[in-house]
Structure formats: C-alpha cells, structure tokens
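Undergrad: Contents of final10.pdb (PDB, C-alpha atoms, pLDDT in the B column) are given next:
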ATOM      1  CA  MET A 118       0.000   0.000   0.000  1.00 39.00           C
ATOM      2  CA  MET A 119       1.276   3.460  -0.882  1.00 47.00           C
ATOM      3  CA  LYS A 120       2.166   5.832   1.879  1.00 65.00           C
ATOM      4  CA  PRO A 121      -0.127   8.909   2.148  1.00 81.00           C
ATOM      5  CA  PHE A 122       2.688  11.144   0.895  1.00 91.00           C
ATOM      6  CA  TRP A 123       1.955  10.126  -2.702  1.00 91.00           C
ATOM      7  CA  PHE A 124      -0.969  12.573  -2.807  1.00 94.00           C
ATOM      8  CA  THR A 125       1.130  15.432  -1.417  1.00 95.00           C
ATOM      9  CA  ASN A 126       3.787  14.659  -4.030  1.00 97.00           C
ATOM     10  CA  PHE A 127       1.128  14.651  -6.758  1.00 97.00           C
ATOM     11  CA  LEU A 128      -0.162  18.058  -5.649  1.00 97.00           C
ATOM     12  CA  LEU A 129       3.347  19.524  -5.418  1.00 98.00           C
ATOM     13  CA  PHE A 130       4.173  18.357  -8.937  1.00 97.00           C
ATOM     14  CA  GLN A 131       0.895  19.727 -10.308  1.00 97.00           C
ATOM     15  CA  ALA A 132       1.577  23.055  -8.601  1.00 98.00           C
ATOM     16  CA  SER A 133       5.058  23.027 -10.149  1.00 97.00           C
ATOM     17  CA  TRP A 134       3.677  22.276 -13.607  1.00 95.00           C
ATOM     18  CA  PHE A 135       1.050  25.032 -13.338  1.00 95.00           C
ATOM     19  CA  SER A 136       3.726  27.455 -12.132  1.00 95.00           C
ATOM     20  CA  ALA A 137       5.849  26.612 -15.161  1.00 91.00           C
ATOM     21  CA  ALA A 138       2.906  26.892 -17.542  1.00 89.00           C
ATOM     22  CA  PHE A 139       1.180  30.011 -16.220  1.00 91.00           C
ATOM     23  CA  TYR A 140       3.772  31.875 -14.137  1.00 90.00           C
ATOM     24  CA  THR A 141       6.873  31.093 -16.172  1.00 84.00           C
ATOM     25  CA  GLN A 142       8.790  34.208 -15.133  1.00 86.00           C
ATOM     26  CA  HIS A 143       8.354  33.280 -11.451  1.00 92.00           C
ATOM     27  CA  ALA A 144       8.404  29.506 -11.889  1.00 92.00           C
ATOM     28  CA  ALA A 145      11.999  28.989 -10.749  1.00 93.00           C
ATOM     29  CA  TRP A 146      11.228  30.485  -7.332  1.00 96.00           C
ATOM     30  CA  LEU A 147       7.887  28.729  -7.018  1.00 97.00           C
ATOM     31  CA  ILE A 148       9.178  25.297  -8.038  1.00 98.00           C
ATOM     32  CA  SER A 149      12.175  25.704  -5.713  1.00 98.00           C
ATOM     33  CA  GLY A 150       9.696  26.247  -2.898  1.00 98.00           C
ATOM     34  CA  PHE A 151       7.665  23.187  -3.892  1.00 98.00           C
ATOM     35  CA  LEU A 152      10.851  21.081  -3.975  1.00 98.00           C
ATOM     36  CA  LEU A 153      11.755  22.370  -0.521  1.00 98.00           C
ATOM     37  CA  VAL A 154       8.310  21.438   0.816  1.00 97.00           C
ATOM     38  CA  HIS A 155       8.639  18.018  -0.825  1.00 97.00           C
ATOM     39  CA  PHE A 156      11.950  17.353   0.919  1.00 97.00           C
ATOM     40  CA  LEU A 157      10.741  18.700   4.242  1.00 96.00           C
ATOM     41  CA  LEU A 158       7.796  16.284   4.179  1.00 95.00           C
ATOM     42  CA  SER A 159       9.270  13.255   2.408  1.00 94.00           C
ATOM     43  CA  GLN A 160      10.197  10.273   4.535  1.00 91.00           C
ATOM     44  CA  ASN A 161      12.437   9.054   1.708  1.00 89.00           C
ATOM     45  CA  LYS A 162      14.738  12.024   1.172  1.00 93.00           C
ATOM     46  CA  TRP A 163      17.785   9.949   0.234  1.00 94.00           C
ATOM     47  CA  ALA A 164      15.834   7.781  -2.226  1.00 93.00           C
ATOM     48  CA  ASP A 165      14.432  10.966  -3.798  1.00 95.00           C
ATOM     49  CA  LEU A 166      17.840  12.641  -4.041  1.00 96.00           C
ATOM     50  CA  LYS A 167      19.275   9.530  -5.707  1.00 96.00           C
ATOM     51  CA  LEU A 168      16.880  10.138  -8.618  1.00 97.00           C
ATOM     52  CA  PHE A 169      18.099  13.681  -9.347  1.00 97.00           C
ATOM     53  CA  PRO A 170      20.626  12.515 -11.981  1.00 97.00           C
ATOM     54  CA  LEU A 171      17.701  11.154 -14.019  1.00 97.00           C
ATOM     55  CA  ALA A 172      16.537  14.736 -14.543  1.00 97.00           C
ATOM     56  CA  LEU A 173      19.563  15.148 -16.829  1.00 96.00           C
ATOM     57  CA  PHE A 174      17.960  12.805 -19.370  1.00 97.00           C
ATOM     58  CA  GLY A 175      14.853  14.962 -19.525  1.00 96.00           C
ATOM     59  CA  ALA A 176      16.823  18.205 -19.566  1.00 93.00           C
ATOM     60  CA  CYS A 177      19.036  16.914 -22.396  1.00 93.00           C
ATOM     61  CA  LEU A 178      16.002  15.855 -24.399  1.00 94.00           C
ATOM     62  CA  ASP A 179      14.393  19.256 -23.862  1.00 91.00           C
ATOM     63  CA  LYS A 180      17.653  20.963 -24.836  1.00 88.00           C
ATOM     64  CA  LEU A 181      17.706  18.890 -28.022  1.00 91.00           C
ATOM     65  CA  HIS A 182      14.115  19.909 -28.772  1.00 91.00           C
ATOM     66  CA  LEU A 183      14.959  23.566 -28.119  1.00 85.00           C
ATOM     67  CA  PHE A 184      18.063  23.273 -30.329  1.00 86.00           C
ATOM     68  CA  ILE A 185      16.322  21.674 -33.312  1.00 89.00           C
ATOM     69  CA  GLY A 186      13.276  23.899 -32.930  1.00 86.00           C
ATOM     70  CA  THR A 187      10.646  21.333 -31.986  1.00 87.00           C
ATOM     71  CA  PHE A 188       9.506  23.954 -29.512  1.00 83.00           C
ATOM     72  CA  SER A 189      10.927  27.120 -28.015  1.00 77.00           C
ATOM     73  CA  ASN A 190      10.758  28.989 -24.749  1.00 70.00           C
ATOM     74  CA  SER A 191       7.943  31.558 -24.930  1.00 62.00           C
ATOM     75  CA  VAL A 192       9.366  33.724 -22.168  1.00 60.00           C
ATOM     76  CA  PRO A 193      12.754  35.302 -23.022  1.00 58.00           C
ATOM     77  CA  PHE A 194      15.727  33.706 -21.297  1.00 55.00           C
ATOM     78  CA  THR A 195      17.059  35.579 -18.296  1.00 55.00           C
ATOM     79  CA  PRO A 196      20.829  35.890 -17.719  1.00 52.00           C
ATOM     80  CA  ILE A 197      20.632  32.831 -15.463  1.00 56.00           C
ATOM     81  CA  ASP A 198      18.899  30.877 -18.267  1.00 56.00           C
ATOM     82  CA  THR A 199      21.465  31.484 -21.009  1.00 60.00           C
ATOM     83  CA  PHE A 200      21.960  27.753 -21.580  1.00 66.00           C
ATOM     84  CA  PHE A 201      18.635  26.364 -20.426  1.00 76.00           C
ATOM     85  CA  PRO A 202      15.654  27.729 -18.467  1.00 83.00           C
ATOM     86  CA  LEU A 203      16.178  27.156 -14.742  1.00 89.00           C
ATOM     87  CA  TRP A 204      12.450  26.599 -14.245  1.00 88.00           C
ATOM     88  CA  LEU A 205      12.585  23.661 -16.667  1.00 89.00           C
ATOM     89  CA  ILE A 206      15.494  22.024 -14.818  1.00 93.00           C
ATOM     90  CA  LEU A 207      13.630  22.425 -11.520  1.00 96.00           C
ATOM     91  CA  LEU A 208      10.474  21.005 -13.087  1.00 96.00           C
ATOM     92  CA  TRP A 209      12.482  17.962 -14.182  1.00 97.00           C
ATOM     93  CA  LEU A 210      13.808  17.522 -10.644  1.00 98.00           C
ATOM     94  CA  MET A 211      10.248  17.683  -9.321  1.00 98.00           C
ATOM     95  CA  PHE A 212       9.120  15.225 -11.997  1.00 98.00           C
ATOM     96  CA  VAL A 213      11.743  12.580 -11.252  1.00 98.00           C
ATOM     97  CA  VAL A 214      10.816  12.488  -7.557  1.00 97.00           C
ATOM     98  CA  THR A 215       7.239  11.647  -8.586  1.00 97.00           C
ATOM     99  CA  LEU A 216       8.667   8.322  -9.745  1.00 96.00           C
ATOM    100  CA  ASN A 217       9.230   7.452  -6.075  1.00 94.00           C
ATOM    101  CA  HIS A 218       5.781   8.579  -4.978  1.00 95.00           C
ATOM    102  CA  SER A 219       2.756   9.498  -7.100  1.00 95.00           C
ATOM    103  CA  LEU A 220       4.044   7.633 -10.188  1.00 96.00           C
ATOM    104  CA  SER A 221       5.634   4.736  -8.289  1.00 94.00           C
ATOM    105  CA  TRP A 222       2.796   2.456  -9.389  1.00 94.00           C
ATOM    106  CA  LEU A 223       4.401   2.446 -12.866  1.00 95.00           C
ATOM    107  CA  ILE A 224       7.820   1.212 -11.768  1.00 93.00           C
ATOM    108  CA  ASN A 225       7.011  -2.502 -12.028  1.00 92.00           C
ATOM    109  CA  LYS A 226       4.639  -2.323 -14.996  1.00 95.00           C
ATOM    110  CA  SER A 227       5.419  -3.971 -18.307  1.00 96.00           C
ATOM    111  CA  LEU A 228       7.375  -2.143 -20.976  1.00 97.00           C
ATOM    112  CA  PRO A 229       4.359  -1.554 -23.280  1.00 97.00           C
ATOM    113  CA  ILE A 230       2.420   0.087 -20.420  1.00 97.00           C
ATOM    114  CA  VAL A 231       5.393   2.289 -19.488  1.00 97.00           C
ATOM    115  CA  ILE A 232       5.951   3.278 -23.125  1.00 98.00           C
ATOM    116  CA  GLY A 233       2.251   4.009 -23.612  1.00 98.00           C
ATOM    117  CA  PHE A 234       1.991   6.038 -20.432  1.00 97.00           C
ATOM    118  CA  GLY A 235       5.090   8.043 -21.313  1.00 97.00           C
ATOM    119  CA  ALA A 236       4.089   8.608 -24.929  1.00 98.00           C
ATOM    120  CA  CYS A 237       0.583   9.755 -24.011  1.00 97.00           C
ATOM    121  CA  GLY A 238       1.229  11.533 -20.721  1.00 96.00           C
ATOM    122  CA  GLY A 239       4.403  13.314 -21.761  1.00 96.00           C
ATOM    123  CA  THR A 240       2.989  14.446 -25.084  1.00 96.00           C
ATOM    124  CA  LEU A 241      -0.222  15.712 -23.485  1.00 96.00           C
ATOM    125  CA  SER A 242       1.763  17.563 -20.831  1.00 94.00           C
ATOM    126  CA  TYR A 243       3.917  19.339 -23.416  1.00 92.00           C
ATOM    127  CA  TRP A 244       0.922  20.077 -25.610  1.00 93.00           C
ATOM    128  CA  ALA A 245      -0.852  21.589 -22.601  1.00 93.00           C
ATOM    129  CA  GLY A 246       2.280  23.628 -21.816  1.00 89.00           C
ATOM    130  CA  ILE A 247       2.286  24.906 -25.394  1.00 89.00           C
ATOM    131  CA  GLN A 248      -1.413  25.775 -25.156  1.00 90.00           C
ATOM    132  CA  ALA A 249      -0.781  27.570 -21.845  1.00 87.00           C
ATOM    133  CA  GLY A 250       1.954  29.659 -23.451  1.00 82.00           C
ATOM    134  CA  ALA A 251       4.985  28.337 -21.553  1.00 81.00           C
ATOM    135  CA  LEU A 252       6.388  26.943 -24.802  1.00 82.00           C
ATOM    136  CA  SER A 253       5.755  27.757 -28.428  1.00 85.00           C
ATOM    137  CA  TYR A 254       6.245  25.682 -31.553  1.00 88.00           C
ATOM    138  CA  SER A 255       7.062  26.307 -35.179  1.00 86.00           C
ATOM    139  CA  TRP A 256       6.863  22.785 -36.565  1.00 91.00           C
ATOM    140  CA  PRO A 257       3.613  21.589 -38.119  1.00 93.00           C
ATOM    141  CA  ILE A 258       1.451  19.760 -35.588  1.00 93.00           C
ATOM    142  CA  THR A 259       1.593  16.670 -37.826  1.00 95.00           C
ATOM    143  CA  LEU A 260       5.333  16.527 -37.122  1.00 95.00           C
ATOM    144  CA  LEU A 261       5.386  17.988 -33.605  1.00 95.00           C
ATOM    145  CA  ILE A 262       3.000  15.486 -31.990  1.00 96.00           C
ATOM    146  CA  PRO A 263       4.667  12.322 -33.396  1.00 97.00           C
ATOM    147  CA  THR A 264       8.071  13.717 -32.372  1.00 96.00           C
ATOM    148  CA  LEU A 265       6.852  14.232 -28.799  1.00 96.00           C
ATOM    149  CA  ILE A 266       5.214  10.785 -28.763  1.00 97.00           C
ATOM    150  CA  LEU A 267       8.461   9.166 -29.913  1.00 97.00           C
ATOM    151  CA  SER A 268      10.577  11.213 -27.483  1.00 97.00           C
ATOM    152  CA  TRP A 269       8.428  10.387 -24.473  1.00 97.00           C
ATOM    153  CA  GLY A 270       7.939   6.780 -25.581  1.00 97.00           C
ATOM    154  CA  ILE A 271      11.715   6.403 -25.298  1.00 98.00           C
ATOM    155  CA  LEU A 272      12.442   8.767 -22.395  1.00 98.00           C
ATOM    156  CA  PHE A 273       9.874   7.528 -19.898  1.00 98.00           C
ATOM    157  CA  PRO A 274      10.999   3.875 -19.985  1.00 98.00           C
ATOM    158  CA  LEU A 275      14.598   5.104 -19.571  1.00 97.00           C
ATOM    159  CA  LEU A 276      13.528   7.005 -16.458  1.00 98.00           C
ATOM    160  CA  VAL A 277      11.665   3.982 -15.102  1.00 97.00           C
ATOM    161  CA  PHE A 278      14.686   1.737 -15.717  1.00 96.00           C
ATOM    162  CA  GLY A 279      16.811   4.391 -14.018  1.00 96.00           C
ATOM    163  CA  VAL A 280      14.603   4.214 -10.930  1.00 95.00           C
ATOM    164  CA  ARG A 281      14.848   0.431 -10.934  1.00 93.00           C
ATOM    165  CA  TYR A 282      18.633   0.682 -11.138  1.00 92.00           C
ATOM    166  CA  LEU A 283      19.060   3.443  -8.546  1.00 90.00           C
ATOM    167  CA  SER A 284      16.523   2.092  -6.045  1.00 80.00           C
ATOM    168  CA  PRO A 285      17.014  -1.445  -4.769  1.00 64.00           C
ATOM    169  CA  ILE A 286      13.874  -3.558  -4.443  1.00 52.00           C
ATOM    170  CA  SER A 287      13.816  -2.967  -0.675  1.00 45.00           C
ATOM    171  CA  ASP A 288      13.754   0.830  -1.296  1.00 52.00           C
ATOM    172  CA  LEU A 289      10.858   0.478  -3.735  1.00 51.00           C
ATOM    173  CA  LYS A 290       8.810  -1.487  -1.195  1.00 51.00           C
ATOM    174  CA  LEU A 291       9.322   1.270   1.388  1.00 49.00           C
ATOM    175  CA  LEU A 292       7.901   3.839  -1.014  1.00 48.00           C
ATOM    176  CA  ARG A 293       4.602   2.046  -1.547  1.00 47.00           C
TER     177      ARG A 293
END
For this file, write the structure as structure tokens.

TA:
Amino acid sequence: MMKPFWFTNFLLFQASWFSAAFYTQHAAWLISGFLLVHFLLSQNKWADLKLFPLALFGACLDKLHLFIGTFSNSVPFTPIDTFFPLWLILLWLMFVVTLNHSLSWLINKSLPIVIGFGACGGTLSYWAGIQAGALSYSWPITLLIPTLILSWGILFPLLVFGVRYLSPISDLKLLR
C-alpha cells in the first residue's frame, strides 16, 4: 500500500507544472519552494535525491528539442537561463521524484504500459504547456506530436529503468 505522501507529491508536482505553464517568469522560485516542501515532508529524502541525476535525461532531451526547434521557450531567457531555463530544470527535478511517490505504481509495470503512459502523458503535458503559453512551436502539428510521442515513448521507460537501477527492491517497497 502506498504511503499517504503520494498525494502530497502529486499536488506539489501539479503546482510546479502550473507554475511553469502560467507563471513562467516566477516559476523557478515557485518550483524551488515546492521542492523544498517536498523534501521537508518526504520520509524518503535519500531515495528521492538519488533520482536527481535522471533529470539530466529529460533536460538533455528538452535541450535537443529547443536546439532543433521542436519547440521554443515563450518567455525570453534571463541571464541565469542562457543555456537552459532554470524553471525547466527544476520542473524535471520535481518530476523525477514523482517516480518514487505518485508515479511509483508504474515502476514494475510492463514495458508496453510504461511506453504508452510516457508517450501519451508526456505528449499531453507538453501540448498543454504549449497551449498555456509556456512553450511555443514552429513545426507543423503533424510533425510535432509524433516527435513528442516518440521522445516520451523512449524517455519515460529510460527514467523507469533508471529508478529500478538506482533504487534497490527494498527501497521500492518502502515507497509504496
């Protein structure tokens, strides 16, 4: 049975996502606060911290998408964001800790379920972010959507395998 913290983690991630989508210029501060609250309340701080390197996979994929023009940052980069928006890195950190809590139910699912969840959920999340104005796109939708589906269909299983590798079975049982 999952610990009650999964719901708190879910709410903190949703608040982070909405901050990134609707308050992009203030998102770095807001998401930092949500991460702080997460770590103050989490009973699995070390297990959560161990997942931080996985955020690099997501950040690199987003950087690739920004580089090739799949989508672009709608809000101009600040001096601190010259390489990559800080709010997006923080959002990735918040996302990877969901894999220990609100998304932990996916960790032991079969590969087709993980691929399907990633392809659908990730694509819908980015599409919603585009619709909210946090990101913009220049590619035709007929190319943009399949690119996001493919990206997330590959990325999400990599993240899940990363959790399996970084968290021994005994750690995963503690999180449920």

Undergrad: Can you list, as a PyMOL selection string, the residues that the PyMOL selection byres ((chain A and resi 143) around 12) selects here?

TA: chain A and resi 133+135-142+144-150+192+195+202-205+251

Undergrad: Could you state which residues are captured by the PyMOL selection byres ((chain A and resi 267) around 12) in this file, as a PDB file with C-alpha atoms, in the coordinates of the input?

TA:
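Dumped to result17.pdb:
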ATOM      1  CA  LEU A 178      16.002  15.855 -24.399  1.00 94.00           C
ATOM      2  CA  ILE A 232       5.951   3.278 -23.125  1.00 98.00           C
ATOM      3  CA  GLY A 233       2.251   4.009 -23.612  1.00 98.00           C
ATOM      4  CA  PHE A 234       1.991   6.038 -20.432  1.00 97.00           C
ATOM      5  CA  GLY A 235       5.090   8.043 -21.313  1.00 97.00           C
ATOM      6  CA  ALA A 236       4.089   8.608 -24.929  1.00 98.00           C
ATOM      7  CA  CYS A 237       0.583   9.755 -24.011  1.00 97.00           C
ATOM      8  CA  GLY A 238       1.229  11.533 -20.721  1.00 96.00           C
ATOM      9  CA  GLY A 239       4.403  13.314 -21.761  1.00 96.00           C
ATOM     10  CA  THR A 240       2.989  14.446 -25.084  1.00 96.00           C
ATOM     11  CA  LEU A 260       5.333  16.527 -37.122  1.00 95.00           C
ATOM     12  CA  LEU A 261       5.386  17.988 -33.605  1.00 95.00           C
ATOM     13  CA  ILE A 262       3.000  15.486 -31.990  1.00 96.00           C
ATOM     14  CA  PRO A 263       4.667  12.322 -33.396  1.00 97.00           C
ATOM     15  CA  THR A 264       8.071  13.717 -32.372  1.00 96.00           C
ATOM     16  CA  LEU A 265       6.852  14.232 -28.799  1.00 96.00           C
ATOM     17  CA  ILE A 266       5.214  10.785 -28.763  1.00 97.00           C
ATOM     18  CA  SER A 268      10.577  11.213 -27.483  1.00 97.00           C
ATOM     19  CA  TRP A 269       8.428  10.387 -24.473  1.00 97.00           C
ATOM     20  CA  GLY A 270       7.939   6.780 -25.581  1.00 97.00           C
ATOM     21  CA  ILE A 271      11.715   6.403 -25.298  1.00 98.00           C
ATOM     22  CA  LEU A 272      12.442   8.767 -22.395  1.00 98.00           C
ATOM     23  CA  PHE A 273       9.874   7.528 -19.898  1.00 98.00           C
ATOM     24  CA  PRO A 274      10.999   3.875 -19.985  1.00 98.00           C
TER      25      PRO A 274
END

Undergrad: May I have the centre and edge lengths, in Å to one decimal, of an axis-aligned box around the listed atoms of segment 210-215 of chain A with 6 Å added to every side, as AutoDock Vina command-line options?

TA:
--center_x 10.5 --center_y 14.7 --center_z -9.8 --size_x 18.6 --size_y 18.0 --size_z 16.4

Undergrad: Could you tell me which of A:Leu275, A:Asn217, A:Phe212, A:Leu223 comes closest to Ala164 of chain A if we count all atoms listed in the file?

TA: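 So, comparing all the options, the nearest one is A:Asn217.
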
Undergrad: Counting all atoms listed in the file, which of A:Val214, A:Ile247, A:Leu228, A:Leu171 gets nearest to Phe156 of chain A?

TA: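 Closest candidate: A:Val214.
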
Undergrad: On this file, the PyMOL selection byres ((chain A and resi 179) around 10) gives some set of residues; write that set as a list in words.

TA: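 Selected by the PyMOL selection byres ((chain A and resi 179) around 10) here: Leu173, Phe174, Gly175, Ala176, Cys177, Leu178, Lys180, Leu181, His182, Leu183, Phe184, Ile185, Thr187, Phe188, Ser189, Phe201, Leu205, Ile206, Trp209 and Ser268 of chain A.
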
Undergrad: Write out as an mmCIF file with C-alpha atoms, in the coordinates of the input the residues lying within 8 Å of Val280 of chain A, counting only C-alpha atoms and excluding same-chain residues fewer than 5 positions away.

TA:
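Wrote it out as result36.cif, contents follow:
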data_model
loop_
_atom_site.group_PDB
_atom_site.id
_atom_site.type_symbol
_atom_site.label_atom_id
_atom_site.label_comp_id
_atom_site.auth_asym_id
_atom_site.auth_seq_id
_atom_site.Cartn_x
_atom_site.Cartn_y
_atom_site.Cartn_z
ATOM 1 C CA LEU A 168 16.880 10.138 -8.618
ATOM 2 C CA LEU A 216 8.667 8.322 -9.745
ATOM 3 C CA ASN A 217 9.230 7.452 -6.075
ATOM 4 C CA ILE A 224 7.820 1.212 -11.768
#

Undergrad: Separation of atom CA of Leu157 of chain A and atom CA of Gln131 of chain A, in Å?

TA: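 Atom-to-atom, atom CA of Leu157 of chain A and atom CA of Gln131 of chain A are spaced 17.6 Å apart.
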
Undergrad: Counting all atoms listed in the file, which residue out of A:Phe130, A:Tyr254, A:Trp222, A:Trp163 sits closest to Ser284 of chain A?

TA: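 That would be A:Trp163, the residue with the smallest distance to Ser284 of chain A.
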
Undergrad: Compare A:Leu276, A:Ile258, A:Leu207, A:Leu158 by their minimum atom-to-atom distance to Trp123 of chain A, counting all atoms listed in the file, and give me the closest one.

TA: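 Closest to Trp123 of chain A of all the choices is A:Leu158.
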
Undergrad: Give me segment 262-279 of chain A with N, CA and C atoms filled in, as a compact mmCIF listing (two decimals), in the coordinates of the input.

TA:
# COMPACT_ATOMS: atom_id res chain seq x y z
N ILE A 262 3.62 16.50 -32.87
CA ILE A 262 3.00 15.49 -31.99
C ILE A 262 3.70 14.13 -32.12
N PRO A 263 3.94 13.60 -33.32
CA PRO A 263 4.67 12.32 -33.40
C PRO A 263 6.08 12.40 -32.81
N THR A 264 6.73 13.55 -32.95
CA THR A 264 8.07 13.72 -32.37
C THR A 264 8.01 13.64 -30.85
N LEU A 265 7.01 14.30 -30.25
CA LEU A 265 6.85 14.23 -28.80
C LEU A 265 6.47 12.83 -28.35
N ILE A 266 5.60 12.17 -29.10
CA ILE A 266 5.21 10.78 -28.76
C ILE A 266 6.44 9.88 -28.77
N LEU A 267 7.25 9.99 -29.82
CA LEU A 267 8.46 9.17 -29.91
C LEU A 267 9.44 9.50 -28.78
N SER A 268 9.65 10.79 -28.54
CA SER A 268 10.58 11.21 -27.48
C SER A 268 10.17 10.65 -26.13
N TRP A 269 8.90 10.84 -25.78
CA TRP A 269 8.43 10.39 -24.47
C TRP A 269 8.27 8.88 -24.41
N GLY A 270 8.01 8.24 -25.54
CA GLY A 270 7.94 6.78 -25.58
C GLY A 270 9.29 6.14 -25.32
N ILE A 271 10.36 6.88 -25.59
CA ILE A 271 11.72 6.40 -25.30
C ILE A 271 12.18 6.89 -23.93
N LEU A 272 11.94 8.17 -23.64
CA LEU A 272 12.44 8.77 -22.40
C LEU A 272 11.82 8.14 -21.15
N PHE A 273 10.51 7.99 -21.13
CA PHE A 273 9.87 7.53 -19.90
C PHE A 273 10.34 6.13 -19.48
N PRO A 274 10.43 5.17 -20.41
CA PRO A 274 11.00 3.88 -19.98
C PRO A 274 12.44 3.99 -19.48
N LEU A 275 13.24 4.89 -20.08
CA LEU A 275 14.60 5.10 -19.57
C LEU A 275 14.57 5.60 -18.12
N LEU A 276 13.65 6.50 -17.83
CA LEU A 276 13.53 7.00 -16.46
C LEU A 276 13.09 5.89 -15.51
N VAL A 277 12.14 5.09 -15.94
CA VAL A 277 11.66 3.98 -15.10
C VAL A 277 12.79 2.98 -14.85
N PHE A 278 13.55 2.65 -15.91
CA PHE A 278 14.69 1.74 -15.72
C PHE A 278 15.73 2.37 -14.81
N GLY A 279 15.89 3.68 -14.91
CA GLY A 279 16.81 4.39 -14.02
C GLY A 279 16.40 4.27 -12.56
